[in-house]
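Peer 1: One structure, as structure tokens, below. Some questions next.
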Amino acid sequence: MDIKDYLIGMKPGYNIQIQQEQKQSQQIDLKSAEDMHRYAMFVKGNTETGSDGRRYTHIDEDGEYQSCFVSQYSPIIDDNLEPKIKKVCQTLHSKGYLTFGSCQGHKDSLDRWVGIVFNNKEQKQQFIDEVNKFNLDVYWYDNFLNTKEEPRDPDPWYSDEGGFLHIVWDTPELTDLSVDYKRNKPYNKEELTKFWNIQMCRQYDNYEAIVMWIGFKRVGDTFIDHLYNRLRFNWKHVDIVTKQLEDKLSELSTYNG
């Protein structure tokens, strides 16, 4: 059975309606990368929840948690948003913004963030400028994806973060290819655009992404700055800034892209 039979109402800006009686994954013949990504984003989602609220699909052979991307236009989105970042994402969605991923932070990841995409650089910069006017402890990171044309800048020597968001166009988590292959094969720009057009229900020919870090910097500007931020890191402050951000986001301009 084709994945297209599972998805109806596929129009930009509208919710996707999933035919509930057709959610039996063993009956689906996933013939293409597009089909596999649609299935992960609109039907499967992240089926596991850890004791710390982490949402994921499975733990790989290296003990790392693996998650799939879920579209904000899917009826499963609310169940896939982690509790402490959920309202931030939902408020952004209510204002029309397109989020591609988020994390509330966990014991092994001292970070709370949400990623947002736009059609062009001007839209992205307007969003950054508006959020900066709130004067909160929010920090911005460009090129946080494993793309060929726009690779993420390497972390400085003093950072042990070392992470970026892994997206693999032709080998989503539903396949059996090696973990190392998935981590190291980057998108090209065309593949990334195809991926996000599925997730965002758009027909853009270009995307501009930004990741918003909440509470503390991911990586300090210098070794001293990084050490200072890591030593003073505490979740109470992150929670306070998150609540402030939740209250302020409703003041944003509406995104109409």
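Letters A, B, ... mark the chains of the structure tokens in the order given; residue numbers begin at 1 per chain; ligand numbers begin at 1, in order shown.
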Residues within 10 Å of Val138 of chain A, please, as number ranges by chain. Count only C-alpha atoms; anything in the same chain fewer than 3 positions from it doesn't count.
Peer 2: A: 113, 128, 131-132, 134-135, 212-217, 238, 241-242, 245
Peer 1: Filtering to N, CA and C atoms, could you give me those residues as a PDB file, in the first residue's frame?
Peer 2:
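To be explicit, this is the file written out as again.pdb:
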```pdb
ATOM      1  N   TRP A 113      16.798  24.023  23.060  1.00  0.00           N
ATOM      2  CA  TRP A 113      16.812  24.755  21.809  1.00  0.00           C
ATOM      3  C   TRP A 113      15.599  24.421  20.954  1.00  0.00           C
ATOM      4  N   ILE A 128      14.956  37.086  14.154  1.00  0.00           N
ATOM      5  CA  ILE A 128      16.042  37.246  15.131  1.00  0.00           C
ATOM      6  C   ILE A 128      15.962  38.619  15.793  1.00  0.00           C
ATOM      7  N   VAL A 131      13.013  38.797  18.323  1.00  0.00           N
ATOM      8  CA  VAL A 131      13.269  38.056  19.557  1.00  0.00           C
ATOM      9  C   VAL A 131      14.338  38.759  20.387  1.00  0.00           C
ATOM     10  N   ASN A 132      15.344  39.318  19.739  1.00  0.00           N
ATOM     11  CA  ASN A 132      16.399  40.028  20.476  1.00  0.00           C
ATOM     12  C   ASN A 132      15.857  41.220  21.245  1.00  0.00           C
ATOM     13  N   PHE A 134      13.319  41.276  22.982  1.00  0.00           N
ATOM     14  CA  PHE A 134      12.808  40.808  24.271  1.00  0.00           C
ATOM     15  C   PHE A 134      13.885  40.871  25.349  1.00  0.00           C
ATOM     16  N   ASN A 135      15.147  40.983  24.926  1.00  0.00           N
ATOM     17  CA  ASN A 135      16.277  41.121  25.844  1.00  0.00           C
ATOM     18  C   ASN A 135      16.367  39.946  26.825  1.00  0.00           C
ATOM     19  N   MET A 212      17.733  28.438  17.891  1.00  0.00           N
ATOM     20  CA  MET A 212      17.637  29.350  19.035  1.00  0.00           C
ATOM     21  C   MET A 212      17.946  28.574  20.316  1.00  0.00           C
ATOM     22  N   TRP A 213      19.070  28.945  20.955  1.00  0.00           N
ATOM     23  CA  TRP A 213      19.483  28.314  22.214  1.00  0.00           C
ATOM     24  C   TRP A 213      18.942  29.137  23.379  1.00  0.00           C
ATOM     25  N   ILE A 214      18.416  28.470  24.398  1.00  0.00           N
ATOM     26  CA  ILE A 214      17.711  29.142  25.483  1.00  0.00           C
ATOM     27  C   ILE A 214      18.480  29.013  26.792  1.00  0.00           C
ATOM     28  N   GLY A 215      18.782  30.147  27.417  1.00  0.00           N
ATOM     29  CA  GLY A 215      19.366  30.154  28.757  1.00  0.00           C
ATOM     30  C   GLY A 215      20.857  30.373  28.802  1.00  0.00           C
ATOM     31  N   PHE A 216      21.612  29.538  28.069  1.00  0.00           N
ATOM     32  CA  PHE A 216      23.067  29.613  28.068  1.00  0.00           C
ATOM     33  C   PHE A 216      23.592  29.383  26.656  1.00  0.00           C
ATOM     34  N   LYS A 217      24.777  29.885  26.387  1.00  0.00           N
ATOM     35  CA  LYS A 217      25.416  29.647  25.092  1.00  0.00           C
ATOM     36  C   LYS A 217      25.760  28.175  24.933  1.00  0.00           C
ATOM     37  N   VAL A 238      17.543  28.137  33.013  1.00  0.00           N
ATOM     38  CA  VAL A 238      16.993  27.765  31.712  1.00  0.00           C
ATOM     39  C   VAL A 238      15.463  27.753  31.777  1.00  0.00           C
ATOM     40  N   VAL A 241      14.148  31.414  31.823  1.00  0.00           N
ATOM     41  CA  VAL A 241      14.216  32.055  30.510  1.00  0.00           C
ATOM     42  C   VAL A 241      13.178  31.443  29.565  1.00  0.00           C
ATOM     43  N   THR A 242      12.979  30.140  29.675  1.00  0.00           N
ATOM     44  CA  THR A 242      11.970  29.484  28.844  1.00  0.00           C
ATOM     45  C   THR A 242      10.593  30.068  29.109  1.00  0.00           C
ATOM     46  N   LEU A 245      10.319  33.471  27.638  1.00  0.00           N
ATOM     47  CA  LEU A 245      10.181  33.376  26.191  1.00  0.00           C
ATOM     48  C   LEU A 245       8.765  32.956  25.810  1.00  0.00           C
TER      49      LEU A 245
END
```
Peer 1: Skip segment 192-200 of chain A itself and residues of its chain fewer than 6 positions away, then list as a ChimeraX atom specification all residues within 12 Å of it, counting only C-alpha atoms.
Peer 2: /A:7,10-16,33-42,68-74,77,93,96-101,116-119,145-150,166-170,172,186,206-209,257
Peer 1: Taking the DSSP assignment computed from this structure's backbone, write out as a PyMOL selection string all residues of segment 55-133 of chain A that belong to strand (DSSP E or B).
Peer 2: chain A and resi 55-56+58-59+65-66+98-103+106+109+113-118
Peer 1: Give me, as a list in words, all polymer residues having an atom no more than 8 Å from Val211 of chain A, counting only C-alpha atoms and skipping those fewer than 6 positions away in the same chain.
Peer 2: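 Returned residues: Trp113, Val114, Gly115, Ile116, Trp140, Tyr141, Asp142 and Phe144 of chain A.
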Peer 1: If you keep N, CA and C atoms, can you produce a file of those selected residues as an mmCIF file, in the first residue's frame?
Peer 2:
```cif
data_model
loop_
_atom_site.group_PDB
_atom_site.id
_atom_site.type_symbol
_atom_site.label_atom_id
_atom_site.label_comp_id
_atom_site.auth_asym_id
_atom_site.auth_seq_id
_atom_site.Cartn_x
_atom_site.Cartn_y
_atom_site.Cartn_z
ATOM 1 N N TRP A 113 16.798 24.023 23.060
ATOM 2 C CA TRP A 113 16.812 24.755 21.809
ATOM 3 C C TRP A 113 15.599 24.421 20.954
ATOM 4 N N VAL A 114 15.370 25.273 19.970
ATOM 5 C CA VAL A 114 14.374 25.010 18.936
ATOM 6 C C VAL A 114 14.926 25.542 17.617
ATOM 7 N N GLY A 115 14.727 24.789 16.538
ATOM 8 C CA GLY A 115 15.179 25.197 15.209
ATOM 9 C C GLY A 115 14.015 25.702 14.380
ATOM 10 N N ILE A 116 14.210 26.817 13.684
ATOM 11 C CA ILE A 116 13.164 27.444 12.882
ATOM 12 C C ILE A 116 13.689 27.669 11.472
ATOM 13 N N TRP A 140 21.962 32.461 19.119
ATOM 14 C CA TRP A 140 21.635 32.014 17.769
ATOM 15 C C TRP A 140 22.782 31.222 17.139
ATOM 16 N N TYR A 141 22.405 30.165 16.388
ATOM 17 C CA TYR A 141 23.397 29.353 15.693
ATOM 18 C C TYR A 141 22.923 29.037 14.282
ATOM 19 N N ASP A 142 23.715 29.482 13.305
ATOM 20 C CA ASP A 142 23.459 29.187 11.899
ATOM 21 C C ASP A 142 24.164 27.899 11.505
ATOM 22 N N PHE A 144 23.579 24.660 11.501
ATOM 23 C CA PHE A 144 23.700 23.611 12.516
ATOM 24 C C PHE A 144 23.273 22.252 11.948
#
```
Peer 1: What are the DSSP helix (DSSP H, G or I) residues of segment 65-220 of chain A, as a PyMOL selection string?
Peer 2: chain A and resi 77-80+83-94+121-132+179-184+189-200
Peer 1: Using only C-alpha atoms, pick whichever of A:Gly50, A:Asp108, A:Gln66, A:Leu252 has the shortest atom-to-atom distance to Leu165 of chain A.
Peer 2: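 Once distances to Leu165 of chain A are computed over only C-alpha atoms, the minimum belongs to A:Gln66.
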Peer 1: Could you check the closest approach to Ser250 of chain A for each of A:Ser109, A:Ser94, A:Asn143, A:Thr222 and tell me which residue wins, using only C-alpha atoms?
Peer 2: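 Using only C-alpha atoms, the shortest distance to Ser250 of chain A belongs to A:Ser94.
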Peer 1: Which is closer to Glu251 of chain A than all the others in A:Lys133, A:Gln123, A:Lys107, A:Gly53, using only C-alpha atoms?
Peer 2: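 Looking at the shortest contact to Glu251 of chain A, the residue is A:Lys133.
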Peer 1: Restricting the calculation to only C-alpha atoms, which member of A:Val43, A:Asp79, A:Ile210, A:Asp52 is positioned closest to Phe127 of chain A?
Peer 2: A:Ile210
Peer 1: Using only C-alpha atoms, find the one residue out of A:Asp221, A:Leu110, A:Val88, A:Asp129 that sits nearest to Phe233 of chain A.
Peer 2: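 Ranking A:Asp221, A:Leu110, A:Val88, A:Asp129 by distance to Phe233 of chain A, first place goes to A:Leu110.
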